[in-house]
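**Q** So that you have it, the file is entry-v8.cif, and it contains mmCIF, N, CA and C atoms:
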data_query
loop_
_atom_site.label_atom_id
_atom_site.label_comp_id
_atom_site.auth_asym_id
_atom_site.auth_seq_id
_atom_site.Cartn_x
_atom_site.Cartn_y
_atom_site.Cartn_z
N MET A 1 212.45 40.85 116.06
CA MET A 1 211.03 41.09 115.91
C MET A 1 210.83 42.19 114.85
N ASN A 2 209.70 42.15 114.19
CA ASN A 2 209.39 43.09 113.13
C ASN A 2 209.30 44.51 113.68
N THR A 3 209.98 45.44 113.02
CA THR A 3 210.05 46.83 113.50
C THR A 3 208.68 47.48 113.56
N ILE A 4 207.82 47.20 112.60
CA ILE A 4 206.49 47.83 112.62
C ILE A 4 205.68 47.38 113.84
N ILE A 5 205.84 46.13 114.22
CA ILE A 5 205.13 45.63 115.41
C ILE A 5 205.64 46.35 116.65
N ILE A 6 206.94 46.51 116.76
CA ILE A 6 207.53 47.23 117.90
C ILE A 6 207.05 48.67 117.91
N ALA A 7 206.98 49.31 116.74
CA ALA A 7 206.50 50.69 116.66
C ALA A 7 205.05 50.79 117.14
N ILE A 8 204.23 49.85 116.71
CA ILE A 8 202.81 49.86 117.13
C ILE A 8 202.70 49.60 118.62
N VAL A 9 203.53 48.73 119.16
CA VAL A 9 203.53 48.49 120.61
C VAL A 9 203.89 49.78 121.35
N SER A 10 204.87 50.50 120.84
CA SER A 10 205.25 51.77 121.47
C SER A 10 204.09 52.75 121.46
N VAL A 11 203.37 52.84 120.34
CA VAL A 11 202.21 53.73 120.25
C VAL A 11 201.12 53.26 121.22
N MET A 12 200.91 51.96 121.31
CA MET A 12 199.89 51.43 122.24
C MET A 12 200.23 51.79 123.69
N ILE A 13 201.50 51.71 124.02
CA ILE A 13 201.92 52.06 125.38
C ILE A 13 201.64 53.54 125.64
N SER A 14 201.89 54.38 124.65
CA SER A 14 201.62 55.82 124.79
C SER A 14 200.13 56.10 124.94
N VAL A 15 199.31 55.36 124.21
CA VAL A 15 197.85 55.50 124.34
C VAL A 15 197.43 55.10 125.75
N ALA A 16 197.95 54.00 126.24
CA ALA A 16 197.63 53.57 127.61
C ALA A 16 198.07 54.63 128.61
N ALA A 17 199.22 55.25 128.36
CA ALA A 17 199.71 56.31 129.25
C ALA A 17 198.72 57.47 129.29
N GLN A 18 198.18 57.85 128.14
CA GLN A 18 197.21 58.95 128.10
C GLN A 18 195.99 58.65 128.97
N PHE A 19 195.49 57.43 128.87
CA PHE A 19 194.31 57.08 129.66
C PHE A 19 194.62 56.96 131.15
N MET A 20 195.84 56.54 131.47
CA MET A 20 196.25 56.52 132.88
C MET A 20 196.31 57.94 133.42
N LEU A 21 196.92 58.86 132.64
CA LEU A 21 197.00 60.26 133.08
C LEU A 21 195.61 60.86 133.23
N LYS A 22 194.72 60.55 132.29
CA LYS A 22 193.34 61.05 132.37
C LYS A 22 192.66 60.51 133.62
N ALA A 23 192.86 59.25 133.94
CA ALA A 23 192.28 58.67 135.15
C ALA A 23 192.81 59.39 136.39
N GLY A 24 194.08 59.67 136.40
CA GLY A 24 194.67 60.38 137.54
C GLY A 24 194.12 61.78 137.68
N MET A 25 193.99 62.49 136.58
CA MET A 25 193.51 63.87 136.63
C MET A 25 192.00 63.95 136.84
N SER A 26 191.31 62.82 136.74
CA SER A 26 189.87 62.78 136.97
C SER A 26 189.51 62.31 138.38
N GLY A 27 190.52 61.96 139.16
CA GLY A 27 190.29 61.49 140.52
C GLY A 27 189.73 62.60 141.41
N THR A 28 188.98 62.21 142.41
CA THR A 28 188.31 63.16 143.29
C THR A 28 189.28 64.13 143.96
N LEU A 29 190.33 63.61 144.56
CA LEU A 29 191.28 64.47 145.28
C LEU A 29 191.99 65.43 144.33
N VAL A 30 192.42 64.92 143.18
CA VAL A 30 193.11 65.77 142.21
C VAL A 30 192.16 66.87 141.72
N LYS A 31 190.94 66.51 141.39
CA LYS A 31 189.97 67.52 140.94
C LYS A 31 189.76 68.59 142.00
N GLU A 32 189.72 68.14 143.25
CA GLU A 32 189.50 69.07 144.36
C GLU A 32 190.65 70.08 144.49
N VAL A 33 191.88 69.60 144.41
CA VAL A 33 193.02 70.52 144.61
C VAL A 33 193.28 71.43 143.40
N ILE A 34 192.95 70.97 142.20
CA ILE A 34 193.23 71.82 141.04
C ILE A 34 192.17 72.91 140.86
N LYS A 35 191.06 72.81 141.58
CA LYS A 35 190.04 73.88 141.56
C LYS A 35 190.54 75.12 142.30
N LYS A 36 191.43 74.91 143.25
CA LYS A 36 191.95 76.00 144.07
C LYS A 36 193.16 76.65 143.41
N SER A 37 193.63 77.72 144.00
CA SER A 37 194.84 78.36 143.51
C SER A 37 196.00 77.37 143.58
N PRO A 38 196.85 77.36 142.55
CA PRO A 38 197.97 76.41 142.54
C PRO A 38 198.94 76.65 143.70
N THR A 39 199.26 75.57 144.38
CA THR A 39 200.22 75.62 145.48
C THR A 39 201.15 74.42 145.34
N PHE A 40 202.11 74.34 146.24
CA PHE A 40 202.98 73.17 146.25
C PHE A 40 202.16 71.91 146.53
N ARG A 41 201.12 72.03 147.35
CA ARG A 41 200.26 70.88 147.66
C ARG A 41 199.58 70.37 146.39
N THR A 42 199.16 71.29 145.52
CA THR A 42 198.53 70.90 144.27
C THR A 42 199.47 70.00 143.48
N LEU A 43 200.69 70.48 143.31
CA LEU A 43 201.69 69.72 142.58
C LEU A 43 201.95 68.37 143.26
N LEU A 44 202.06 68.38 144.56
CA LEU A 44 202.31 67.15 145.32
C LEU A 44 201.19 66.14 145.13
N VAL A 45 199.95 66.60 145.23
CA VAL A 45 198.80 65.69 145.07
C VAL A 45 198.78 65.10 143.67
N VAL A 46 198.97 65.95 142.67
CA VAL A 46 198.94 65.47 141.28
C VAL A 46 200.08 64.49 141.03
N MET A 47 201.29 64.87 141.43
CA MET A 47 202.46 64.06 141.12
C MET A 47 202.57 62.77 141.93
N THR A 48 201.79 62.64 142.99
CA THR A 48 201.82 61.41 143.78
C THR A 48 200.59 60.54 143.52
N ASP A 49 199.72 60.96 142.62
CA ASP A 49 198.57 60.13 142.28
C ASP A 49 199.06 58.87 141.56
N LYS A 50 198.55 57.72 141.95
CA LYS A 50 199.05 56.46 141.40
C LYS A 50 198.82 56.36 139.89
N TYR A 51 197.74 56.93 139.38
CA TYR A 51 197.50 56.86 137.94
C TYR A 51 198.40 57.83 137.18
N VAL A 52 198.67 58.98 137.74
CA VAL A 52 199.60 59.92 137.11
C VAL A 52 200.99 59.30 137.08
N ILE A 53 201.42 58.72 138.18
CA ILE A 53 202.71 58.04 138.21
C ILE A 53 202.75 56.92 137.18
N GLY A 54 201.69 56.12 137.15
CA GLY A 54 201.61 55.03 136.17
C GLY A 54 201.66 55.53 134.73
N GLY A 55 200.98 56.64 134.47
CA GLY A 55 201.01 57.23 133.13
C GLY A 55 202.41 57.66 132.73
N PHE A 56 203.11 58.32 133.66
CA PHE A 56 204.48 58.74 133.37
C PHE A 56 205.40 57.53 133.17
N LEU A 57 205.21 56.49 133.98
CA LEU A 57 206.02 55.29 133.81
C LEU A 57 205.78 54.65 132.44
N LEU A 58 204.51 54.59 132.04
CA LEU A 58 204.21 54.04 130.72
C LEU A 58 204.83 54.88 129.61
N TYR A 59 204.78 56.21 129.74
CA TYR A 59 205.43 57.06 128.75
C TYR A 59 206.92 56.76 128.68
N GLY A 60 207.55 56.56 129.83
CA GLY A 60 208.97 56.24 129.84
C GLY A 60 209.26 54.92 129.14
N ILE A 61 208.45 53.92 129.42
CA ILE A 61 208.62 52.62 128.76
C ILE A 61 208.40 52.77 127.25
N GLY A 62 207.35 53.50 126.89
CA GLY A 62 207.08 53.72 125.47
C GLY A 62 208.24 54.42 124.77
N ALA A 63 208.85 55.37 125.45
CA ALA A 63 210.00 56.09 124.87
C ALA A 63 211.18 55.16 124.67
N ILE A 64 211.40 54.26 125.61
CA ILE A 64 212.50 53.30 125.47
C ILE A 64 212.24 52.37 124.29
N VAL A 65 211.01 51.91 124.16
CA VAL A 65 210.66 51.06 123.02
C VAL A 65 210.83 51.85 121.72
N TRP A 66 210.42 53.12 121.73
CA TRP A 66 210.54 53.96 120.54
C TRP A 66 212.00 54.16 120.13
N LEU A 67 212.90 54.22 121.10
CA LEU A 67 214.33 54.34 120.78
C LEU A 67 214.80 53.15 119.93
N TRP A 68 214.29 51.97 120.25
CA TRP A 68 214.64 50.79 119.47
C TRP A 68 214.16 50.95 118.03
N VAL A 69 212.92 51.47 117.87
CA VAL A 69 212.39 51.70 116.53
C VAL A 69 213.28 52.68 115.77
N LEU A 70 213.65 53.77 116.44
CA LEU A 70 214.50 54.78 115.78
C LEU A 70 215.87 54.24 115.42
N SER A 71 216.32 53.21 116.13
CA SER A 71 217.62 52.62 115.79
C SER A 71 217.53 51.79 114.50
N LYS A 72 216.32 51.45 114.10
CA LYS A 72 216.13 50.60 112.91
C LYS A 72 215.61 51.38 111.70
N TRP A 73 214.86 52.44 111.93
CA TRP A 73 214.21 53.18 110.84
C TRP A 73 214.60 54.65 110.87
N ASP A 74 214.45 55.30 109.72
CA ASP A 74 214.57 56.75 109.65
C ASP A 74 213.39 57.37 110.41
N VAL A 75 213.61 58.51 111.00
CA VAL A 75 212.54 59.21 111.73
C VAL A 75 211.38 59.52 110.78
N SER A 76 211.69 59.88 109.54
CA SER A 76 210.63 60.23 108.59
C SER A 76 209.72 59.05 108.27
N LYS A 77 210.21 57.85 108.46
CA LYS A 77 209.38 56.65 108.28
C LYS A 77 208.68 56.27 109.57
N ALA A 78 209.37 56.39 110.69
CA ALA A 78 208.82 55.94 111.97
C ALA A 78 207.76 56.88 112.53
N TYR A 79 208.06 58.17 112.52
CA TYR A 79 207.19 59.11 113.23
C TYR A 79 205.75 59.14 112.74
N PRO A 80 205.48 59.02 111.46
CA PRO A 80 204.07 59.01 111.05
C PRO A 80 203.24 57.91 111.70
N LEU A 81 203.88 56.83 112.12
CA LEU A 81 203.13 55.76 112.80
C LEU A 81 202.52 56.24 114.11
N VAL A 82 203.06 57.30 114.65
CA VAL A 82 202.47 57.88 115.87
C VAL A 82 201.02 58.29 115.59
N GLY A 83 200.72 58.60 114.33
CA GLY A 83 199.36 58.96 113.94
C GLY A 83 198.34 57.87 114.21
N ILE A 84 198.80 56.63 114.24
CA ILE A 84 197.90 55.51 114.55
C ILE A 84 197.37 55.65 115.98
N GLY A 85 198.12 56.36 116.81
CA GLY A 85 197.67 56.60 118.18
C GLY A 85 196.34 57.34 118.23
N PHE A 86 196.07 58.18 117.23
CA PHE A 86 194.78 58.87 117.17
C PHE A 86 193.65 57.87 117.03
N LEU A 87 193.85 56.88 116.17
CA LEU A 87 192.84 55.84 115.97
C LEU A 87 192.66 55.01 117.24
N MET A 88 193.78 54.56 117.81
CA MET A 88 193.71 53.74 119.01
C MET A 88 193.04 54.50 120.16
N THR A 89 193.37 55.77 120.30
CA THR A 89 192.79 56.58 121.37
C THR A 89 191.30 56.75 121.17
N ALA A 90 190.88 56.97 119.95
CA ALA A 90 189.45 57.11 119.67
C ALA A 90 188.69 55.82 119.95
N VAL A 91 189.28 54.70 119.57
CA VAL A 91 188.63 53.40 119.81
C VAL A 91 188.48 53.15 121.31
N VAL A 92 189.55 53.32 122.05
CA VAL A 92 189.48 53.12 123.50
C VAL A 92 188.51 54.13 124.12
N GLY A 93 188.59 55.38 123.67
CA GLY A 93 187.68 56.40 124.17
C GLY A 93 186.23 56.03 123.95
N ALA A 94 185.92 55.53 122.75
CA ALA A 94 184.54 55.12 122.46
C ALA A 94 184.13 53.95 123.35
N ILE A 95 185.03 53.03 123.58
CA ILE A 95 184.73 51.87 124.44
C ILE A 95 184.38 52.32 125.86
N ILE A 96 185.08 53.35 126.35
CA ILE A 96 184.82 53.79 127.73
C ILE A 96 183.76 54.89 127.80
N GLY A 97 183.13 55.19 126.66
CA GLY A 97 181.99 56.10 126.69
C GLY A 97 182.25 57.54 126.27
N GLU A 98 183.43 57.83 125.75
CA GLU A 98 183.68 59.18 125.26
C GLU A 98 182.93 59.38 123.95
N HIS A 99 182.50 60.61 123.71
CA HIS A 99 181.74 60.93 122.50
C HIS A 99 182.71 61.21 121.36
N ILE A 100 182.61 60.43 120.28
CA ILE A 100 183.46 60.60 119.12
C ILE A 100 182.59 61.17 118.00
N THR A 101 182.85 62.41 117.62
CA THR A 101 182.02 63.09 116.62
C THR A 101 182.36 62.63 115.21
N LEU A 102 181.49 62.97 114.27
CA LEU A 102 181.72 62.65 112.87
C LEU A 102 182.96 63.37 112.34
N MET A 103 183.14 64.63 112.73
CA MET A 103 184.32 65.39 112.29
C MET A 103 185.61 64.77 112.84
N ARG A 104 185.58 64.34 114.09
CA ARG A 104 186.75 63.70 114.68
C ARG A 104 187.06 62.40 113.94
N THR A 105 186.02 61.64 113.63
CA THR A 105 186.19 60.39 112.90
C THR A 105 186.79 60.66 111.53
N ALA A 106 186.29 61.68 110.83
CA ALA A 106 186.83 62.03 109.51
C ALA A 106 188.30 62.41 109.61
N GLY A 107 188.65 63.18 110.63
CA GLY A 107 190.05 63.56 110.82
C GLY A 107 190.94 62.37 111.08
N ILE A 108 190.46 61.45 111.87
CA ILE A 108 191.23 60.24 112.18
C ILE A 108 191.44 59.41 110.91
N ILE A 109 190.41 59.32 110.09
CA ILE A 109 190.52 58.58 108.83
C ILE A 109 191.58 59.24 107.94
N LEU A 110 191.57 60.56 107.86
CA LEU A 110 192.57 61.26 107.06
C LEU A 110 193.99 61.01 107.58
N ILE A 111 194.14 61.02 108.89
CA ILE A 111 195.45 60.74 109.48
C ILE A 111 195.91 59.33 109.13
N CYS A 112 195.01 58.37 109.24
CA CYS A 112 195.36 56.98 108.95
C CYS A 112 195.72 56.79 107.47
N VAL A 113 195.00 57.48 106.59
CA VAL A 113 195.33 57.42 105.17
C VAL A 113 196.73 58.00 104.96
N GLY A 114 197.03 59.10 105.62
CA GLY A 114 198.36 59.69 105.52
C GLY A 114 199.45 58.75 106.02
N VAL A 115 199.19 58.07 107.11
CA VAL A 115 200.15 57.09 107.64
C VAL A 115 200.36 55.97 106.62
N TRP A 116 199.28 55.51 106.01
CA TRP A 116 199.39 54.44 105.01
C TRP A 116 200.22 54.91 103.81
N VAL A 117 199.95 56.13 103.34
CA VAL A 117 200.69 56.67 102.19
C VAL A 117 202.19 56.74 102.51
N ILE A 118 202.51 57.26 103.68
CA ILE A 118 203.92 57.39 104.06
C ILE A 118 204.58 56.02 104.23
N SER A 119 203.86 55.09 104.83
CA SER A 119 204.45 53.77 105.07
C SER A 119 204.69 53.01 103.78
N ASN A 120 203.98 53.38 102.74
CA ASN A 120 204.16 52.70 101.45
C ASN A 120 205.07 53.49 100.50
N SER A 121 205.71 54.51 101.01
CA SER A 121 206.58 55.32 100.14
C SER A 121 208.03 54.86 100.24
#
Could you render the structure from this file as structure tokens?
**A**
Amino acid sequence: MNTIIIAIVSVMISVAAQFMLKAGMSGTLVKEVIKKSPTFRTLLVVMTDKYVIGGFLLYGIGAIVWLWVLSKWDVSKAYPLVGIGFLMTAVVGAIIGEHITLMRTAGIILICVGVWVISNS
């Protein structure tokens, strides 16, 4: 399979992991326990939340996929593709109602231009 496709899949998995972690940290019980002084219970509640667990699992899968990419490409070529995650995250964020400012959009465009420049070098 084409290495760039695998790299983009890895980035997509990492983006999904971010949103899973955000869902876990936005849950009622987690929000309730993190308002209080940190205790072992706080850690237990956070680390046993199904979305937090799912987010960590997705990060692990993404890392395994990324290892395959690194076996095919130099890090200096592969790593800039992680910048595409900024675009993907903003798109998903906008879809679910997060506010994307003009400055954030400009920054994402600059990152994507940088990724394009590096990928064509």
**Q** Just to confirm, what's the straight-line distance from CA of Thr89 (chain A) to CA of Lys35 (chain A) in Å (one decimal)?
**A** 26.7 Å
**Q** Where's the centre, and what are the edge lengths in Å to one decimal, of a box along x, y and z enclosing all listed atoms of region 45-58 of chain A padded 4 Å per side, as JSON?
**A**
{"center_x": 201.8, "center_y": 60.3, "center_z": 137.4, "size_x": 16.5, "size_y": 20.6, "size_z": 23.6}
**Q** What gap, in Å, lies between atom C of Asp49 (chain A) and atom N of Met25 (chain A)?
**A** 8.0 Å
**Q** So, counting only C-alpha atoms, which residue among A:Ile4, A:Ile53, A:Ile13, A:Leu44 is closest to Ser119 (chain A)?
**A**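 When distances to Ser119 (chain A) are compared using only C-alpha atoms, the smallest one comes from A:Ile4.
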**Q** Counting all atoms listed in the file, which residue out of A:Ile108, A:Asn2, A:Val115, A:Ser37 sits closest to Pro80 (chain A)?
**A**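 Under the stated criterion, the closest residue is A:Val115.
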